[in-house]
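Novice: So here's work35.txt (compact mmCIF, C-alpha atoms and all ligand atoms).
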# COMPACT_ATOMS: atom_id res chain seq x y z
CA MET R 1 0.00 0.00 0.00
CA ALA R 2 1.42 3.40 -0.94
CA PHE R 3 0.54 5.96 1.68
CA ALA R 4 0.06 9.55 0.57
CA ASP R 5 0.80 11.11 3.95
CA LYS R 6 0.85 10.58 7.70
CA ASP R 7 -2.94 10.92 7.92
CA ASP R 8 -3.34 7.70 5.96
CA VAL R 9 -0.96 5.86 8.28
CA GLN R 10 -2.90 7.18 11.28
CA ARG R 11 -6.18 6.12 9.69
CA LEU R 12 -4.88 2.60 9.10
CA GLN R 13 -3.71 2.45 12.71
CA ASP R 14 -7.15 3.58 13.93
CA LEU R 15 -8.85 1.01 11.74
CA LEU R 16 -6.59 -1.75 13.06
CA GLU R 17 -7.16 -0.70 16.67
CA GLY R 18 -10.93 -0.54 16.22
CA ALA R 19 -11.22 -3.87 14.41
CA GLU R 20 -11.84 -7.23 16.06
CA ASP R 21 -10.74 -9.49 13.25
CA VAL R 22 -8.36 -8.40 10.50
CA VAL R 23 -7.42 -10.19 7.31
CA ILE R 24 -4.34 -8.90 5.52
CA PHE R 25 -3.99 -9.07 1.75
CA THR R 26 -0.53 -8.78 0.17
CA GLY R 27 0.85 -8.77 -3.35
CA ALA R 28 4.23 -8.56 -5.03
CA GLY R 29 4.90 -5.09 -3.58
CA ILE R 30 5.62 -6.37 -0.08
CA SER R 31 8.47 -8.60 -1.33
CA THR R 32 10.34 -6.19 -3.62
CA GLU R 33 12.36 -4.94 -0.64
CA SER R 34 13.52 -8.53 -0.17
CA GLY R 35 14.91 -8.55 -3.68
CA ILE R 36 12.08 -10.48 -5.33
CA PRO R 37 11.40 -8.75 -8.64
CA ASP R 38 7.95 -7.24 -8.99
CA PHE R 39 6.39 -8.78 -12.08
CA ARG R 40 4.34 -5.77 -13.06
CA SER R 41 6.51 -2.69 -12.59
CA PRO R 42 8.74 -1.32 -15.38
CA GLY R 43 11.89 -3.44 -15.54
CA GLY R 44 9.98 -6.19 -13.75
CA LEU R 45 9.81 -9.74 -14.99
CA TRP R 46 6.83 -9.20 -17.25
CA THR R 47 8.70 -6.77 -19.43
CA LYS R 48 11.54 -9.29 -19.76
CA TYR R 49 9.46 -12.47 -19.92
CA LYS R 50 6.02 -12.53 -21.41
CA PRO R 51 3.89 -14.59 -19.02
CA ILE R 52 3.24 -18.13 -20.24
CA ASP R 53 -0.45 -18.64 -20.67
CA PHE R 54 -1.83 -21.98 -19.50
CA SER R 55 -3.06 -22.85 -23.01
CA ASP R 56 0.44 -22.22 -24.41
CA PHE R 57 1.90 -24.35 -21.62
CA MET R 58 -0.39 -27.21 -22.61
CA ALA R 59 0.16 -26.77 -26.36
CA SER R 60 3.93 -26.52 -26.57
CA GLU R 61 6.79 -28.54 -25.12
CA GLU R 62 9.09 -25.55 -25.63
CA MET R 63 6.79 -23.43 -23.42
CA ARG R 64 6.85 -26.11 -20.72
CA ARG R 65 10.66 -26.20 -20.98
CA GLU R 66 10.78 -22.40 -20.75
CA SER R 67 8.56 -22.40 -17.66
CA TRP R 68 10.95 -24.82 -15.90
CA ARG R 69 13.93 -22.60 -16.88
CA ARG R 70 12.21 -19.56 -15.34
CA LYS R 71 11.09 -21.50 -12.31
CA PHE R 72 14.60 -22.61 -11.41
CA ALA R 73 16.10 -19.17 -12.21
CA MET R 74 13.49 -17.60 -9.90
CA ASP R 75 14.29 -20.18 -7.22
CA ARG R 76 17.86 -18.90 -7.01
CA THR R 77 16.52 -15.43 -6.18
CA MET R 78 13.99 -16.77 -3.72
CA ALA R 79 16.48 -19.05 -1.98
CA THR R 80 18.45 -16.08 -0.70
CA ALA R 81 15.49 -13.76 -0.02
CA GLU R 82 14.71 -12.86 3.58
CA PRO R 83 11.54 -11.39 5.07
CA ASN R 84 11.69 -7.58 5.25
CA ARG R 85 10.17 -5.06 7.68
CA GLY R 86 6.80 -5.33 5.89
CA HIS R 87 6.63 -9.10 6.46
CA ARG R 88 7.80 -8.62 10.04
CA ALA R 89 5.14 -5.98 10.78
CA VAL R 90 2.45 -8.33 9.45
CA ALA R 91 3.88 -11.18 11.55
CA ARG R 92 3.70 -9.00 14.68
CA LEU R 93 0.01 -8.26 13.99
CA VAL R 94 -0.67 -11.98 13.59
CA ASP R 95 1.19 -12.54 16.85
CA THR R 96 -1.12 -10.19 18.76
CA GLY R 97 -4.06 -12.37 17.70
CA LYS R 98 -5.75 -9.51 15.89
CA VAL R 99 -5.04 -10.88 12.41
CA SER R 100 -6.63 -14.24 11.66
CA ALA R 101 -5.20 -14.78 8.18
CA VAL R 102 -2.86 -13.39 5.54
CA ILE R 103 -4.05 -13.81 1.98
CA THR R 104 -1.20 -13.41 -0.50
CA GLN R 105 -0.67 -13.43 -4.23
CA ASN R 106 2.98 -14.25 -3.65
CA VAL R 107 4.57 -17.66 -3.99
CA ASP R 108 7.83 -16.73 -2.26
CA GLY R 109 6.99 -18.16 1.16
CA LEU R 110 8.30 -15.05 2.95
CA HIS R 111 5.22 -14.67 5.18
CA GLN R 112 5.83 -18.19 6.47
CA ALA R 113 9.54 -17.41 6.82
CA SER R 114 8.68 -14.40 8.97
CA GLY R 115 7.11 -16.74 11.52
CA ILE R 116 3.44 -16.83 10.52
CA PRO R 117 2.11 -20.40 10.81
CA ASP R 118 1.37 -22.12 7.47
CA MET R 119 -2.27 -22.49 8.49
CA GLN R 120 -2.73 -18.73 8.56
CA VAL R 121 -1.21 -18.01 5.14
CA ILE R 122 -3.52 -18.46 2.17
CA GLU R 123 -1.63 -18.55 -1.13
CA LEU R 124 -3.95 -17.45 -3.91
CA HIS R 125 -1.60 -18.39 -6.71
CA GLY R 126 -0.77 -21.78 -5.37
CA ASN R 127 2.54 -22.99 -4.10
CA ALA R 128 5.81 -23.05 -6.00
CA THR R 129 7.56 -25.50 -3.71
CA TYR R 130 6.23 -28.70 -5.28
CA ALA R 131 4.96 -29.90 -8.66
CA LYS R 132 1.78 -31.62 -9.71
CA CYS R 133 0.87 -33.88 -12.61
CA LEU R 134 -1.96 -32.30 -14.58
CA GLY R 135 -2.91 -35.74 -15.86
CA CYS R 136 -3.49 -37.64 -12.62
CA GLY R 137 -2.99 -35.00 -9.94
CA LEU R 138 -0.04 -36.81 -8.32
CA ARG R 139 2.24 -34.57 -6.24
CA HIS R 140 5.95 -34.58 -7.10
CA GLU R 141 8.81 -33.13 -5.07
CA LEU R 142 10.86 -30.55 -6.94
CA ASP R 143 14.39 -31.63 -6.00
CA PRO R 144 14.72 -34.61 -8.38
CA ILE R 145 13.00 -32.64 -11.18
CA LYS R 146 15.37 -29.75 -10.62
CA GLU R 147 18.46 -31.94 -10.57
CA ALA R 148 17.59 -33.63 -13.88
CA PHE R 149 16.51 -30.40 -15.53
CA LEU R 150 19.58 -28.40 -14.54
CA ALA R 151 21.84 -31.24 -15.73
CA ASP R 152 20.66 -31.36 -19.36
CA GLU R 153 17.13 -29.90 -19.42
CA THR R 154 15.53 -33.33 -19.01
CA MET R 155 11.79 -32.75 -18.92
CA PRO R 156 9.90 -34.42 -16.05
CA ILE R 157 7.52 -37.29 -16.75
CA CYS R 158 4.89 -38.35 -14.21
CA ALA R 159 5.86 -41.59 -12.47
CA GLY R 160 2.19 -42.26 -11.80
CA CYS R 161 0.65 -42.02 -15.27
CA GLY R 162 3.47 -41.22 -17.72
CA SER R 163 2.06 -37.76 -18.50
CA GLU R 164 4.44 -35.06 -19.73
CA PHE R 165 2.18 -32.36 -18.31
CA MET R 166 3.96 -31.65 -15.07
CA LYS R 167 3.74 -28.20 -13.55
CA THR R 168 4.61 -26.39 -10.35
CA ALA R 169 1.56 -26.13 -8.14
CA THR R 170 1.14 -22.45 -8.98
CA ILE R 171 -1.83 -21.15 -10.94
CA SER R 172 -1.00 -19.82 -14.42
CA PHE R 173 -2.83 -17.22 -16.42
CA GLY R 174 -5.85 -18.89 -17.91
CA GLN R 175 -5.54 -21.88 -15.62
CA SER R 176 -7.73 -20.99 -12.64
CA MET R 177 -11.00 -21.26 -14.53
CA PRO R 178 -10.32 -24.65 -16.13
CA GLU R 179 -9.31 -26.03 -12.73
CA ALA R 180 -12.41 -24.66 -11.02
CA GLU R 181 -14.55 -25.91 -13.88
CA MET R 182 -12.96 -29.33 -13.74
CA ALA R 183 -13.63 -29.57 -10.02
CA ARG R 184 -17.23 -28.51 -10.56
CA ALA R 185 -17.67 -30.96 -13.45
CA GLN R 186 -16.41 -33.72 -11.16
CA GLU R 187 -18.99 -32.73 -8.55
CA LEU R 188 -21.64 -33.12 -11.23
CA GLU R 189 -20.07 -36.43 -12.26
CA MET R 190 -19.58 -35.18 -15.81
CA THR R 191 -16.44 -35.15 -17.93
CA ARG R 192 -15.34 -31.90 -19.51
CA HIS R 193 -16.40 -33.27 -22.88
CA GLU R 194 -19.90 -33.95 -21.56
CA VAL R 195 -20.06 -30.43 -20.12
CA VAL R 196 -19.21 -29.01 -23.55
CA ILE R 197 -21.82 -31.21 -25.27
CA LEU R 198 -24.57 -30.17 -22.86
CA ALA R 199 -23.50 -26.52 -23.09
CA SER R 200 -23.84 -26.71 -26.88
CA LEU R 201 -27.50 -27.70 -26.44
CA VAL R 202 -28.07 -24.78 -24.04
CA GLU R 203 -26.31 -22.46 -26.51
CA LYS R 204 -28.66 -23.44 -29.34
CA GLU R 205 -31.86 -23.48 -27.25
CA THR R 206 -31.84 -19.88 -26.09
CA ALA R 207 -30.35 -16.55 -27.01
CA ALA R 208 -31.57 -15.02 -23.74
CA PRO R 209 -28.62 -15.08 -21.30
CA ALA R 210 -30.89 -15.06 -18.23
CA GLU R 211 -32.56 -18.28 -19.40
CA ARG R 212 -29.42 -20.38 -19.82
CA PRO R 213 -29.23 -21.63 -16.20
CA GLN R 214 -32.95 -22.53 -16.41
CA ILE R 215 -32.56 -24.43 -19.68
CA ALA R 216 -29.53 -26.17 -18.19
CA SER R 217 -31.58 -27.13 -15.13
CA VAL R 218 -34.20 -28.82 -17.35
CA PHE R 219 -31.53 -30.92 -19.08
CA HIS R 220 -29.86 -31.84 -15.78
CA ASN R 221 -33.24 -32.81 -14.29
CA ARG R 222 -34.01 -35.00 -17.31
CA LEU R 223 -30.60 -36.69 -17.30
CA ARG R 224 -30.98 -37.42 -13.59
CA ILE R 225 -34.23 -39.35 -14.05
CA GLY R 226 -33.25 -40.99 -17.34
CA MET R 227 -35.72 -38.95 -19.42
CA LYS R 228 -34.75 -38.21 -23.04
CA LEU R 229 -33.53 -34.63 -23.55
CA GLU R 230 -35.83 -34.03 -26.56
CA CYS R 231 -33.86 -30.99 -27.64
CA ASP R 232 -35.07 -29.72 -31.03
CA PRO R 233 -31.70 -28.30 -32.17
CA THR R 234 -30.24 -31.83 -31.91
CA ILE R 235 -32.80 -32.99 -34.50
CA VAL R 236 -31.86 -30.15 -36.80
CA TYR R 237 -28.13 -30.74 -36.41
CA GLY R 238 -28.30 -34.16 -38.06
CA ILE R 239 -30.63 -33.24 -40.91
CA GLU R 240 -29.05 -32.68 -44.29
CA ASN R 241 -30.68 -29.84 -46.25
CA TYR R 242 -32.75 -28.61 -43.30
CA ASP R 243 -35.60 -26.54 -44.77
CA GLY R 244 -36.41 -24.53 -41.62
CA VAL R 245 -39.25 -26.79 -40.46
CA ILE R 246 -38.98 -29.86 -38.24
CA HIS R 247 -41.20 -32.52 -39.81
CA LYS R 248 -42.68 -35.51 -37.94
CA SER R 249 -40.30 -37.79 -39.85
CA ASP R 250 -37.36 -35.65 -38.68
CA ILE R 251 -38.27 -36.27 -35.03
CA ARG R 252 -37.88 -40.03 -35.66
CA ASN R 253 -34.69 -39.65 -37.73
CA PRO R 254 -32.24 -41.97 -35.95
CA HIS R 255 -29.08 -39.94 -36.64
CA PRO R 256 -26.66 -40.07 -33.67
CA TRP R 257 -27.37 -36.52 -32.42
CA ASN R 258 -31.15 -36.90 -32.21
CA THR R 259 -32.07 -36.70 -28.51
CA TYR R 260 -35.70 -37.56 -29.32
CA VAL R 261 -34.52 -41.01 -30.41
CA HIS R 262 -31.46 -41.64 -28.22
CA PRO R 263 -31.40 -41.26 -24.44
CA GLY R 264 -28.66 -39.22 -22.74
CA LEU R 265 -26.36 -36.75 -24.42
CA PRO R 266 -25.79 -36.67 -28.19
CA LYS R 267 -22.53 -38.18 -29.39
CA GLY R 268 -20.86 -34.76 -29.72
CA PRO R 269 -21.49 -31.02 -29.40
CA ILE R 270 -23.94 -29.48 -31.88
CA ALA R 271 -22.42 -26.00 -31.66
CA ASN R 272 -19.45 -24.19 -30.22
CA PRO R 273 -20.79 -23.17 -26.79
CA GLY R 274 -19.87 -19.82 -25.27
CA GLY R 275 -18.52 -19.36 -21.76
CA GLU R 276 -21.94 -18.41 -20.42
CA ALA R 277 -23.51 -21.64 -21.66
CA ILE R 278 -20.69 -23.63 -20.04
CA GLN R 279 -21.17 -21.73 -16.78
CA ALA R 280 -24.93 -22.42 -16.98
CA VAL R 281 -24.26 -26.16 -17.27
CA LEU R 282 -21.81 -26.08 -14.37
CA HIS R 283 -24.09 -23.90 -12.23
CA PRO R 284 -27.68 -24.58 -13.30
CA ASP R 285 -30.62 -23.03 -11.49
CA GLU R 286 -32.14 -25.34 -8.92
CA THR R 287 -35.55 -26.08 -10.38
CA ARG R 288 -37.91 -29.02 -10.91
CA TYR R 289 -38.68 -28.03 -14.49
CA LEU R 290 -38.78 -30.80 -17.08
CA TYR R 291 -40.30 -28.89 -20.02
CA PHE R 292 -40.02 -25.59 -21.81
CA VAL R 293 -41.65 -24.10 -24.85
CA SER R 294 -40.86 -20.98 -26.83
CA ARG R 295 -43.11 -17.99 -26.21
CA ASN R 296 -42.09 -16.80 -29.67
CA ASP R 297 -40.60 -13.65 -28.20
CA GLY R 298 -37.12 -15.03 -27.59
CA THR R 299 -38.03 -16.42 -24.14
CA HIS R 300 -39.53 -19.70 -22.92
CA HIS R 301 -42.24 -20.93 -20.59
CA PHE R 302 -40.94 -23.54 -18.14
CA SER R 303 -43.13 -26.27 -16.64
CA THR R 304 -42.81 -29.08 -14.14
CA SER R 305 -45.73 -31.14 -15.50
CA TYR R 306 -46.61 -32.42 -18.93
CA ALA R 307 -50.21 -31.15 -18.54
CA GLU R 308 -49.06 -27.58 -17.96
CA HIS R 309 -46.51 -27.88 -20.73
CA ASN R 310 -49.19 -29.06 -23.15
CA ARG R 311 -51.41 -26.08 -22.36
CA MET R 312 -48.49 -23.76 -23.05
CA VAL R 313 -47.70 -25.51 -26.32
CA GLN R 314 -51.34 -25.02 -27.36
CA LYS R 315 -51.15 -21.37 -26.38
CA HIS R 316 -47.83 -20.47 -27.98
CA GLN R 317 -47.27 -22.90 -30.82
CA ARG R 318 -50.57 -22.95 -32.65
ZN ZN R 401 0.37 -38.35 -13.63
Would you mind writing the file out in structure tokens?
Ligand SMILES: [Zn+2]

Specialist:
Amino acid sequence: MAFADKDDVQRLQDLLEGAEDVVIFTGAGISTESGIPDFRSPGGLWTKYKPIDFSDFMASEEMRRESWRRKFAMDRTMATAEPNRGHRAVARLVDTGKVSAVITQNVDGLHQASGIPDMQVIELHGNATYAKCLGCGLRHELDPIKEAFLADETMPICAGCGSEFMKTATISFGQSMPEAEMARAQELEMTRHEVVILASLVEKETAAPAERPQIASVFHNRLRIGMKLECDPTIVYGIENYDGVIHKSDIRNPHPWNTYVHPGLPKGPIANPGGEAIQAVLHPDETRYLYFVSRNDGTHHFSTSYAEHNRMVQKHQR
């Protein structure tokens, strides 16, 4: 925090004295005095090294090699770094019992080194002191990886599953969402591929963003009870020369995407779903709806019973 004048310092002191429970948030700035380069400031690491995006890390062996080079170069700096007066001041506040936790964007471990118990330091960007296999999740200690890499740039391979996608346990740009999504997909007992397929149905069913979590809830509810999805766009997807009208014979067309014929998800996505459709599938509204019908104004009427649904079809689709 950059203080403009003494008043600000006094105000912070007053706030701390008046508060019962304080959480401290720190970023790169607190560690620059310890000799850890600030990534963002001019001359910082980002001007020298363009950050490696998670998708680039996954796509290119050279990017994975480069990330290990940087990791071990950074380690040399971190190995000699000591906590500075900022870390020590925070540690004193923790010591008084006033501060319950320190949330940090840093991966340098200097808050822990200043005497704050591990339990009270929350590292937002993960931890750079061990590696993880992205394939099977197995934890790997860094020392053997480092030794082999520094010898002749041997790239690590997971002993558990043979995957070449090994990474320090830090969170890269573009990585946090896929990890959170993967965890959520697991909760829903769906693979990422299945999430994308279902999201493609949501994408095609509605153009109204507010409706996506509702549409998603209908599909989830149907999958849960083994009811066919009966999603019209899946009929259309498999029809060659679609003339703009779904005919009775189309509904029975047994092509592999037709969810009126086949139970469960179609064999692949029927569109390229946007992020909002994916989020809707991962976080559907909690409803008991099993049906919806277009109101012909870009929105839908949702129903829990077939009787109600039928009335709405009569009303809107005549
Ligand atoms: Zn593995």

Novice: Show me which residues are within 10 Å of ligand ZN 401 (chain R) counting all atoms listed in the file, and format the list as a list in words.

Specialist: Lys132, Cys133, Leu134, Gly135, Cys136, Gly137, Leu138, Arg139, His140, Ile157, Cys158, Ala159, Gly160, Cys161, Gly162, Ser163, Glu164, Phe165 and Met166 of chain R

Novice: Quick one: residues within 9 Å of R:Val202, all atoms listed in the file, excluding same-chain residues fewer than 6 positions away - as an NGL selection string?

Specialist: :R and (212-213 or 215-216 or 219 or 273 or 277-278 or 280-281)

Novice: Suppose you want the space between atom CA of R:Arg64 and atom CA of R:His125; what is it in Å?

Specialist: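 For atom CA of R:Arg64 relative to atom CA of R:His125, the distance reads 18.1 Å.
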
Novice: Within 7 Å of stretch 141-154 of chain R, counting all atoms listed in the file, which residues show up once you throw out same-chain ones fewer than 5 positions away? Write them as a PDB file with C-alpha atoms, in the coordinates of the input, please.

Specialist:
ATOM      1  CA  THR R 129       7.560 -25.500  -3.710  1.00  0.00           C
ATOM      2  CA  TYR R 130       6.230 -28.700  -5.280  1.00  0.00           C
ATOM      3  CA  ALA R 131       4.960 -29.900  -8.660  1.00  0.00           C
TER       4      ALA R 131
END

Novice: Atom CA of R:Gly35 and atom CA of R:Arg76, how far apart in Å?

Specialist: 11.3 Å

Novice: Restricting the calculation to all atoms listed in the file, which member of R:Val99, R:His301, R:Thr104, R:Ser67 is positioned closest to R:Ala19?

Specialist: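 Using all atoms listed in the file, the shortest distance to R:Ala19 belongs to R:Val99.
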
Novice: For R:Ser34, list every protein, DNA or RNA residue within 10 Å, evaluated using all atoms listed in the file, and leave out those in the same chain fewer than 2 positions away; present the list as a ChimeraX atom specification.

Specialist: /R:29-32,36-37,77-78,80-87,110

Novice: Please work out which residues fall within 12 Å of (-32.1, -31.8, -27.2), coordinates as given in the file, with all atoms listed in the file counting, and return them as number ranges by chain.

Specialist: R: 197-206, 215-216, 218-220, 222-223, 227-238, 251, 256-270, 291-292

Novice: Expressed in Å to a single decimal, how great is the separation between atom CA of R:Tyr242 and atom CA of R:Gln279?

Specialist: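 Spanning atom CA of R:Tyr242 to atom CA of R:Gln279 is a straight-line distance of 29.7 Å.
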
Novice: Given only C-alpha atoms as the basis, pick out the residue of R:Asn221, R:Ser114, R:Gln214, R:Ser172 nearest to R:His283.

Specialist: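 Closest to R:His283 of all the choices is R:Gln214.
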
Novice: Please report, as lines of an AutoDock Vina configuration file, the centre and edge lengths in Å to one decimal of an axis-aligned box covering all listed atoms of stretch 92-103 of chain R with 8 Å per side.

Specialist:
center_x = -1.5
center_y = -11.5
center_z = 10.4
size_x = 26.3
size_y = 22.5
size_z = 32.8

Novice: Counting all atoms listed in the file, what is within 12 Å of stretch 311-314 of chain R, bar same-chain residues fewer than 2 positions away, as a ChimeraX atom specification?

Specialist: /R:291-296,300-309,316-318
